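S.K.: Let me begin by handing over the structure; questions about it come next.
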Amino acid sequence: MALVLLLLLPIFLLSSSSCLVLAIPTLASQAATLLSLKDSFSPPLPPQLRSWTLANYASLCSSWPGVACSNRTVVSLDISGYNLSGTLPPAIADLAGLRFFSAAANSFSGDIPPAIAALRDLRHLNLSNNQFNGTLDALDFSAMHSLQVLDLYDNDLAGALPTLLPAAAGLRHLDLGGNFFSGTIPPSFGRFPAIQFLSLAGNSLSGDIPPDLANLSTLRHLFLGYFNRFDGGIPAELGRLTSLVHLDLANCGLQGPIPASLGDLTGLDTLYLQTNQLNGTIPPSLGNLTGLRFLDVSNNALTGEIPPELAALRELRLLNMFINRFRGGVPDFLGDLRSLQVLKLWQNNFTGAIPAALGRAAPLREVDLSTNRLTGEVPRWLCARGQLEILILLDNFLFGPVPEGLGACPTLTRVRLGQNYLTGPLPRGFLYLPALTTVELQGNYLTGRLEEDGSGGGGSSSSRLSLLNLSSNRFNGSLPASMGNFSWLQTLLLGGNQLGGQIPRQVGRLKRLLKLDLSGNKLTGAVPGEVGECTSLTYLDLSGNRLSGAIPVRLVQIKVDEKSDVYSFGVVLLELITGLKPVGEHLGDDAVDLVQWARARSSAGGGVLALLDPRLGGDVPVAEAAHVLFVSMLCVQEHSVERPTMREVVQMLQQARHQPS
């Protein structure tokens, strides 16, 4: 038996050796292709690619990061998020067995190689979040019969949309959003036989939305908005897309009415039509969308009342109708929606009372009904579920008290109830809520004393309060010493009340305070020297009181002078650059004012392009804009000593015209 095995051994070795000879070139050639890809990447290369070496080709399928094989053939290459740059070479087509390829979330540039269309087995191609440029004209999509996913989102691709793209008949997911494609949507885009996801959003497309898209019977997600500028309105034919779950046509210049046929999209979860020029009324047929969770028709020219048929939308979580011309009452059925989290109806012509039950059943997070003609009291249940973060009801005709429940709402961050007819004292504990950043109750008839915090003035300094405006009310009593614990406070406006007693010396702890207005009260005694320790002050008004004694030396040394005007000019420059108002909800939840918003955006990277008003288009001289931004940020430095003089500002702005393009 041993002799037989010995005689057979040479034959076995020869056979095994022959297999190795046949297998080694296959692995080696694939390794060589991957190394040619690696050589096209710009240094420094990430640690994940260190093991990509020819000497290590034998472990290609087992230990090369991002590589997966089947039967010793590379079928998957995932180098997404590797922080790579450079170009993608045509050699990628040499990986003939590739089924999955993702190079997303890198910094690749240049053309997408046309040779990639030769990958006949490729099912998934994701090149999103890069800087690929050029057009797609040279890609032969008709050869890519297996392609199911094509994701080119967020690149710099341009030119016309490829009319032959539907020839890739297996496509289920197509994302061309966030590029610079121009021209019209080809009618051929209505001939994808299996498409489920289609996004053309965030390009420079124009013309009409082709009604041919209504032929996409398998479509579930459709995104066409944002920076596209279509002619005409929403095609009524889109009501035939009965498989649709998500329809986003926001911010793309649409005009005319909302088609009643959209009420046939009974599977719809999300309907975004905001920031267009739509007119007419809300079709009652939208009440058929009983599974709808997100409805946004804000910033249009819609009129009429909210149709009672919308009471059937029991799953609504978000309802945005702000900046329109709606009239009538805020429907009582909104108080019965048990899933409602965001309700924004501001800047309309709504009248009558806010539904008394609002918030009792729903986990409200944001409520903004400001700038209407609402009357009645503020509902008591707004924070009943303990999740309310933002409450904005300013500029209405509301009366009665601030609900007591708001004083026990720890999630509250912004409360803006100014310009109403509210009366009575503030709820106990309200000013000392831990998450509160903004309180605006100015222009009401509120009374009573401003309470000390729970520990009698020596409490926690964990408050995040940055803006407190209680001006033009009828508050009395003395200023609470515990206000000195508002260590983040930048704006304190208490003018036009009936506050008496002395200014507490604890005000000197407010090191971030920029604006202090205690005017028009009944304050007495001397101005405490500690006020001079508020070294960030740019505005101080103590007029119209009964103060006595000398002005503290440290207060004089603050030098609230022309550099206060420089700060205001810096804010004006920021308004010009960004196109935003200096305060308001448009700045988001974390920014008290435009200055804070601009600082956050600047520190997050992206330079002046991250702040520029998008309405300025693409012809802005970036170098000049960056210089103006630099000047504006100098003007709004927190400490006045760090700001330039007005003469220096003028000189710097003159230099902006000479910046290289």
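By order of appearance in the structure tokens: chains A, B, ..., then residues from 1 within every chain, and ligands from 1 in the order shown.
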With a distance cut-off of 8 Å and only C-alpha atoms, select the neighbouring residues of A:Cys252, excluding the residue or stretch itself and same-chain residues fewer than 5 positions from it, and output the selection as a list of chain:residue names.
M.R.: A:Leu224, A:Gly225, A:Tyr226, A:Phe227, A:Asn228, A:Arg229, A:Phe230, A:Thr275, A:Asn276
S.K.: I need the residues of stretch 280-465 of chain A that end up classed as strand (DSSP E) by DSSP on the backbone, written out as number ranges by chain.
M.R.: A: 280, 294-296, 301-304, 318-320, 325-329, 342-344, 349-353, 366-368, 373-375, 390-392, 399-400, 414-416, 421-424, 438-440, 445-446
S.K.: For the selection you just gave me, I'd like the residues written to a file as a PDB file, in the first residue's frame, keeping C-alpha atoms.
M.R.:
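Dumped everything to out_37.pdb:
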ATOM      1  CA  GLY A 280     -55.257  77.755  -4.971  1.00  0.00           C
ATOM      2  CA  PHE A 294     -45.021  64.270   6.679  1.00  0.00           C
ATOM      3  CA  LEU A 295     -46.882  67.056   4.849  1.00  0.00           C
ATOM      4  CA  ASP A 296     -45.109  70.300   3.941  1.00  0.00           C
ATOM      5  CA  ALA A 301     -49.232  81.281  -2.170  1.00  0.00           C
ATOM      6  CA  LEU A 302     -51.948  78.863  -1.087  1.00  0.00           C
ATOM      7  CA  THR A 303     -55.291  80.211   0.097  1.00  0.00           C
ATOM      8  CA  GLY A 304     -58.530  79.084   1.696  1.00  0.00           C
ATOM      9  CA  LEU A 318     -45.179  66.954  10.660  1.00  0.00           C
ATOM     10  CA  LEU A 319     -47.536  69.584   9.287  1.00  0.00           C
ATOM     11  CA  ASN A 320     -45.898  72.673   7.779  1.00  0.00           C
ATOM     12  CA  ARG A 325     -52.369  82.962   2.710  1.00  0.00           C
ATOM     13  CA  PHE A 326     -54.519  80.512   4.589  1.00  0.00           C
ATOM     14  CA  ARG A 327     -57.465  81.854   6.548  1.00  0.00           C
ATOM     15  CA  GLY A 328     -60.126  80.572   8.902  1.00  0.00           C
ATOM     16  CA  GLY A 329     -59.564  78.743  12.151  1.00  0.00           C
ATOM     17  CA  VAL A 342     -44.113  69.449  14.451  1.00  0.00           C
ATOM     18  CA  LEU A 343     -46.830  72.018  13.732  1.00  0.00           C
ATOM     19  CA  LYS A 344     -45.818  75.192  11.884  1.00  0.00           C
ATOM     20  CA  ASN A 349     -54.249  84.786   8.314  1.00  0.00           C
ATOM     21  CA  PHE A 350     -55.578  82.223  10.766  1.00  0.00           C
ATOM     22  CA  THR A 351     -58.125  83.508  13.259  1.00  0.00           C
ATOM     23  CA  GLY A 352     -59.932  82.180  16.304  1.00  0.00           C
ATOM     24  CA  ALA A 353     -58.522  80.150  19.160  1.00  0.00           C
ATOM     25  CA  GLU A 366     -42.160  72.213  17.789  1.00  0.00           C
ATOM     26  CA  VAL A 367     -45.155  74.530  17.598  1.00  0.00           C
ATOM     27  CA  ASP A 368     -45.020  77.788  15.654  1.00  0.00           C
ATOM     28  CA  ARG A 373     -54.596  86.742  14.091  1.00  0.00           C
ATOM     29  CA  LEU A 374     -55.196  84.135  16.739  1.00  0.00           C
ATOM     30  CA  THR A 375     -57.135  84.929  19.890  1.00  0.00           C
ATOM     31  CA  ILE A 390     -39.837  75.091  20.647  1.00  0.00           C
ATOM     32  CA  LEU A 391     -42.946  77.207  21.242  1.00  0.00           C
ATOM     33  CA  ILE A 392     -43.437  80.293  19.074  1.00  0.00           C
ATOM     34  CA  PHE A 399     -54.562  86.695  26.132  1.00  0.00           C
ATOM     35  CA  GLY A 400     -54.631  85.009  29.503  1.00  0.00           C
ATOM     36  CA  ARG A 414     -36.996  78.395  22.774  1.00  0.00           C
ATOM     37  CA  VAL A 415     -40.107  80.253  23.872  1.00  0.00           C
ATOM     38  CA  ARG A 416     -41.243  83.260  21.848  1.00  0.00           C
ATOM     39  CA  TYR A 421     -51.910  90.389  25.355  1.00  0.00           C
ATOM     40  CA  LEU A 422     -50.759  87.839  27.912  1.00  0.00           C
ATOM     41  CA  THR A 423     -51.355  88.606  31.582  1.00  0.00           C
ATOM     42  CA  GLY A 424     -50.461  87.279  35.001  1.00  0.00           C
ATOM     43  CA  THR A 438     -34.270  81.872  24.274  1.00  0.00           C
ATOM     44  CA  VAL A 439     -37.147  83.594  26.058  1.00  0.00           C
ATOM     45  CA  GLU A 440     -39.039  86.385  24.309  1.00  0.00           C
ATOM     46  CA  TYR A 445     -49.167  92.700  30.029  1.00  0.00           C
ATOM     47  CA  LEU A 446     -47.385  90.218  32.287  1.00  0.00           C
TER      48      LEU A 446
END
S.K.: Find the residues near A:Ala550: any atom within 10 Å, counting only C-alpha atoms, skip ones fewer than 5 places away on the same chain, and give them as JSON, numbers by chain.
M.R.: {"A": [526, 527, 528, 529]}
S.K.: For the residues selected in the previous step, produce a file with N, CA and C atoms as an mmCIF file, in the first residue's frame.
M.R.:
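As written to disk, selection-v2.cif reads:
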data_model
loop_
_atom_site.group_PDB
_atom_site.id
_atom_site.type_symbol
_atom_site.label_atom_id
_atom_site.label_comp_id
_atom_site.auth_asym_id
_atom_site.auth_seq_id
_atom_site.Cartn_x
_atom_site.Cartn_y
_atom_site.Cartn_z
ATOM 1 N N ALA A 526 -27.283 103.106 43.830
ATOM 2 C CA ALA A 526 -26.134 103.309 42.957
ATOM 3 C C ALA A 526 -25.993 102.151 41.975
ATOM 4 N N VAL A 527 -25.382 102.442 40.839
ATOM 5 C CA VAL A 527 -25.048 101.386 39.875
ATOM 6 C C VAL A 527 -23.871 100.604 40.447
ATOM 7 N N PRO A 528 -24.029 99.315 40.702
ATOM 8 C CA PRO A 528 -22.932 98.560 41.322
ATOM 9 C C PRO A 528 -21.709 98.496 40.410
ATOM 10 N N GLY A 529 -20.539 98.606 41.002
ATOM 11 C CA GLY A 529 -19.304 98.557 40.228
ATOM 12 C C GLY A 529 -19.123 97.253 39.483
#
S.K.: Just want the 8 Å neighbourhood of stretch 169-171 of chain A, counted on only C-alpha atoms, with same-chain residues fewer than 4 positions away dropped. Output as a PDB file with N, CA and C atoms, in the first residue's frame.
M.R.:
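Listed below is the output, part26.pdb:
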ATOM      1  N   HIS A 145     -26.674  45.571 -18.548  1.00  0.00           N
ATOM      2  CA  HIS A 145     -27.957  44.902 -18.365  1.00  0.00           C
ATOM      3  C   HIS A 145     -28.194  44.479 -16.921  1.00  0.00           C
ATOM      4  N   SER A 146     -27.129  44.273 -16.157  1.00  0.00           N
ATOM      5  CA  SER A 146     -27.294  43.769 -14.791  1.00  0.00           C
ATOM      6  C   SER A 146     -27.411  44.883 -13.757  1.00  0.00           C
ATOM      7  N   LEU A 147     -27.160  46.130 -14.171  1.00  0.00           N
ATOM      8  CA  LEU A 147     -27.087  47.234 -13.213  1.00  0.00           C
ATOM      9  C   LEU A 147     -28.440  47.467 -12.545  1.00  0.00           C
ATOM     10  N   GLN A 148     -28.428  47.446 -11.213  1.00  0.00           N
ATOM     11  CA  GLN A 148     -29.636  47.680 -10.427  1.00  0.00           C
ATOM     12  C   GLN A 148     -29.568  48.986  -9.634  1.00  0.00           C
ATOM     13  N   VAL A 149     -28.373  49.372  -9.209  1.00  0.00           N
ATOM     14  CA  VAL A 149     -28.192  50.582  -8.402  1.00  0.00           C
ATOM     15  C   VAL A 149     -27.128  51.455  -9.057  1.00  0.00           C
ATOM     16  N   LEU A 150     -27.487  52.707  -9.366  1.00  0.00           N
ATOM     17  CA  LEU A 150     -26.536  53.692  -9.862  1.00  0.00           C
ATOM     18  C   LEU A 150     -26.691  54.947  -9.008  1.00  0.00           C
ATOM     19  N   PHE A 192     -38.291  53.459 -17.442  1.00  0.00           N
ATOM     20  CA  PHE A 192     -37.568  52.507 -16.592  1.00  0.00           C
ATOM     21  C   PHE A 192     -38.560  51.426 -16.154  1.00  0.00           C
ATOM     22  N   PRO A 193     -38.348  50.171 -16.551  1.00  0.00           N
ATOM     23  CA  PRO A 193     -39.372  49.155 -16.263  1.00  0.00           C
ATOM     24  C   PRO A 193     -39.438  48.703 -14.809  1.00  0.00           C
ATOM     25  N   ALA A 194     -38.320  48.900 -14.043  1.00  0.00           N
ATOM     26  CA  ALA A 194     -38.297  48.339 -12.684  1.00  0.00           C
ATOM     27  C   ALA A 194     -37.890  49.363 -11.630  1.00  0.00           C
ATOM     28  N   ILE A 195     -37.836  50.637 -12.003  1.00  0.00           N
ATOM     29  CA  ILE A 195     -37.296  51.647 -11.101  1.00  0.00           C
ATOM     30  C   ILE A 195     -38.170  51.804  -9.854  1.00  0.00           C
TER      31      ILE A 195
END
S.K.: A:Asn396, A:Ser261, A:Ser36, A:Asn372: which is nearest A:Pro284, counting only C-alpha atoms?
M.R.: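 Closest to A:Pro284 of all the choices is A:Ser261.
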S.K.: Which residues, written as a ChimeraX atom specification, have at least one atom at most 9 Å from A:Ser76, with only C-alpha atoms counted and residues fewer than 5 positions away on the same chain left out?
M.R.: /A:66-70,97-102
S.K.: Please write the residues from the selection above to a file, keeping N, CA and C atoms, as a PDB file, in the first residue's frame.
M.R.:
ATOM      1  N   GLY A  66     -11.685  45.710   1.790  1.00  0.00           N
ATOM      2  CA  GLY A  66     -12.573  46.207   0.749  1.00  0.00           C
ATOM      3  C   GLY A  66     -12.819  45.243  -0.379  1.00  0.00           C
ATOM      4  N   VAL A  67     -12.116  44.093  -0.390  1.00  0.00           N
ATOM      5  CA  VAL A  67     -12.208  43.140  -1.491  1.00  0.00           C
ATOM      6  C   VAL A  67     -12.942  41.888  -1.030  1.00  0.00           C
ATOM      7  N   ALA A  68     -13.875  41.422  -1.849  1.00  0.00           N
ATOM      8  CA  ALA A  68     -14.565  40.158  -1.594  1.00  0.00           C
ATOM      9  C   ALA A  68     -14.596  39.354  -2.882  1.00  0.00           C
ATOM     10  N   CYS A  69     -14.498  38.024  -2.736  1.00  0.00           N
ATOM     11  CA  CYS A  69     -14.400  37.144  -3.901  1.00  0.00           C
ATOM     12  C   CYS A  69     -15.461  36.059  -3.863  1.00  0.00           C
ATOM     13  N   SER A  70     -15.647  35.471  -5.011  1.00  0.00           N
ATOM     14  CA  SER A  70     -16.445  34.263  -5.150  1.00  0.00           C
ATOM     15  C   SER A  70     -15.739  33.392  -6.168  1.00  0.00           C
ATOM     16  N   GLY A  97     -15.348  40.315 -13.285  1.00  0.00           N
ATOM     17  CA  GLY A  97     -16.376  39.635 -12.491  1.00  0.00           C
ATOM     18  C   GLY A  97     -17.048  40.525 -11.469  1.00  0.00           C
ATOM     19  N   LEU A  98     -16.733  41.817 -11.489  1.00  0.00           N
ATOM     20  CA  LEU A  98     -17.217  42.729 -10.447  1.00  0.00           C
ATOM     21  C   LEU A  98     -18.742  42.865 -10.500  1.00  0.00           C
ATOM     22  N   ARG A  99     -19.370  42.697  -9.337  1.00  0.00           N
ATOM     23  CA  ARG A  99     -20.819  42.881  -9.218  1.00  0.00           C
ATOM     24  C   ARG A  99     -21.172  44.098  -8.359  1.00  0.00           C
ATOM     25  N   PHE A 100     -20.292  44.412  -7.430  1.00  0.00           N
ATOM     26  CA  PHE A 100     -20.538  45.521  -6.493  1.00  0.00           C
ATOM     27  C   PHE A 100     -19.298  46.401  -6.459  1.00  0.00           C
ATOM     28  N   PHE A 101     -19.482  47.707  -6.703  1.00  0.00           N
ATOM     29  CA  PHE A 101     -18.364  48.647  -6.613  1.00  0.00           C
ATOM     30  C   PHE A 101     -18.845  49.932  -5.962  1.00  0.00           C
ATOM     31  N   SER A 102     -18.207  50.289  -4.857  1.00  0.00           N
ATOM     32  CA  SER A 102     -18.519  51.544  -4.181  1.00  0.00           C
ATOM     33  C   SER A 102     -17.231  52.285  -3.866  1.00  0.00           C
TER      34      SER A 102
END
S.K.: Using only C-alpha atoms, pick whichever of A:Leu176, A:Leu406, A:Val620, A:Leu286 has the shortest atom-to-atom distance to A:Asp156.
M.R.: A:Leu176
S.K.: Can you measure atom CA of A:Gly477 to atom CA of A:Ser536 for me? One decimal in Å is fine.
M.R.: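 Straight-line distance from atom CA of A:Gly477 to atom CA of A:Ser536 works out to 27.3 Å.
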S.K.: Please identify all polymer residues within 6 Å of A:Arg643, counting only C-alpha atoms, omitting same-chain residues fewer than 5 positions from it, and present them as a ChimeraX atom specification.
M.R.: /A:634-635,637
S.K.: Quick check, in Å to one decimal: how far apart do atom CA of A:Phe180 and atom CA of A:Pro113 lie?
M.R.: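 Atom-to-atom, atom CA of A:Phe180 and atom CA of A:Pro113 are spaced 18.4 Å apart.
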S.K.: Rounded to one decimal place, report the atom CA of A:Leu157-atom CA of A:Gly177 distance in Å.
M.R.: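 It comes out at 9.8 Å.
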S.K.: Compile the contact shell of A:Leu316 as a compact mmCIF listing (two decimals) with N, CA and C atoms, in the first residue's frame: residues with an atom at most 10 Å away, counting only C-alpha atoms, same-chain residues fewer than 6 positions apart removed.
M.R.:
# COMPACT_ATOMS: atom_id res chain seq x y z
N ASP A 269 -46.33 58.31 2.18
CA ASP A 269 -45.85 58.56 3.54
C ASP A 269 -45.39 59.99 3.70
N THR A 270 -44.81 60.56 2.63
CA THR A 270 -44.22 61.90 2.68
C THR A 270 -44.62 62.68 1.43
N THR A 290 -54.28 58.43 4.09
CA THR A 290 -54.42 58.13 5.51
C THR A 290 -53.14 57.63 6.16
N GLY A 291 -52.15 57.27 5.37
CA GLY A 291 -50.87 56.85 5.92
C GLY A 291 -49.83 57.95 5.95
N LEU A 292 -50.23 59.16 5.53
CA LEU A 292 -49.27 60.27 5.42
C LEU A 292 -48.74 60.66 6.79
N ARG A 293 -47.40 60.80 6.87
CA ARG A 293 -46.76 61.20 8.13
C ARG A 293 -46.13 62.58 8.03
N PHE A 294 -45.72 62.99 6.84
CA PHE A 294 -45.02 64.27 6.68
C PHE A 294 -45.66 65.04 5.53
N LEU A 295 -46.23 66.21 5.85
CA LEU A 295 -46.88 67.06 4.85
C LEU A 295 -46.34 68.47 4.99
N LEU A 310 -58.77 66.61 6.09
CA LEU A 310 -57.43 66.26 6.59
C LEU A 310 -57.48 65.65 7.98
N LEU A 334 -56.63 69.00 14.88
CA LEU A 334 -55.19 68.94 15.11
C LEU A 334 -54.87 68.54 16.55
N LEU A 337 -54.68 64.57 16.86
CA LEU A 337 -53.67 63.77 16.16
C LEU A 337 -52.64 63.27 17.17
N ARG A 338 -52.58 61.99 17.38
CA ARG A 338 -51.80 61.42 18.47
C ARG A 338 -50.31 61.29 18.16
N SER A 339 -49.93 61.46 16.89
CA SER A 339 -48.51 61.32 16.53
C SER A 339 -47.85 62.65 16.18
N LEU A 340 -48.60 63.75 16.21
CA LEU A 340 -48.09 65.04 15.76
C LEU A 340 -46.92 65.51 16.61
N GLN A 341 -45.80 65.85 15.93
CA GLN A 341 -44.61 66.34 16.62
C GLN A 341 -44.26 67.77 16.21
N VAL A 342 -44.49 68.13 14.96
CA VAL A 342 -44.11 69.45 14.45
C VAL A 342 -45.33 70.08 13.79
N LEU A 343 -45.71 71.27 14.28
CA LEU A 343 -46.83 72.02 13.73
C LEU A 343 -46.39 73.46 13.51
S.K.: Please report, as JSON, numbers by chain, each residue of stretch 471-654 of chain A to which DSSP assigns alpha helix (DSSP H) when run on this structure's backbone.
M.R.: {"A": [553, 554, 555, 556, 562, 563, 564, 565, 566, 567, 568, 569, 570, 571, 572, 573, 574, 575, 576, 577, 578, 594, 595, 596, 597, 598, 599, 600, 601, 602, 603, 622, 623, 624, 625, 626, 627, 628, 629, 630, 631, 632, 633, 634, 635, 646, 647, 648, 649, 650, 651, 652, 653, 654]}
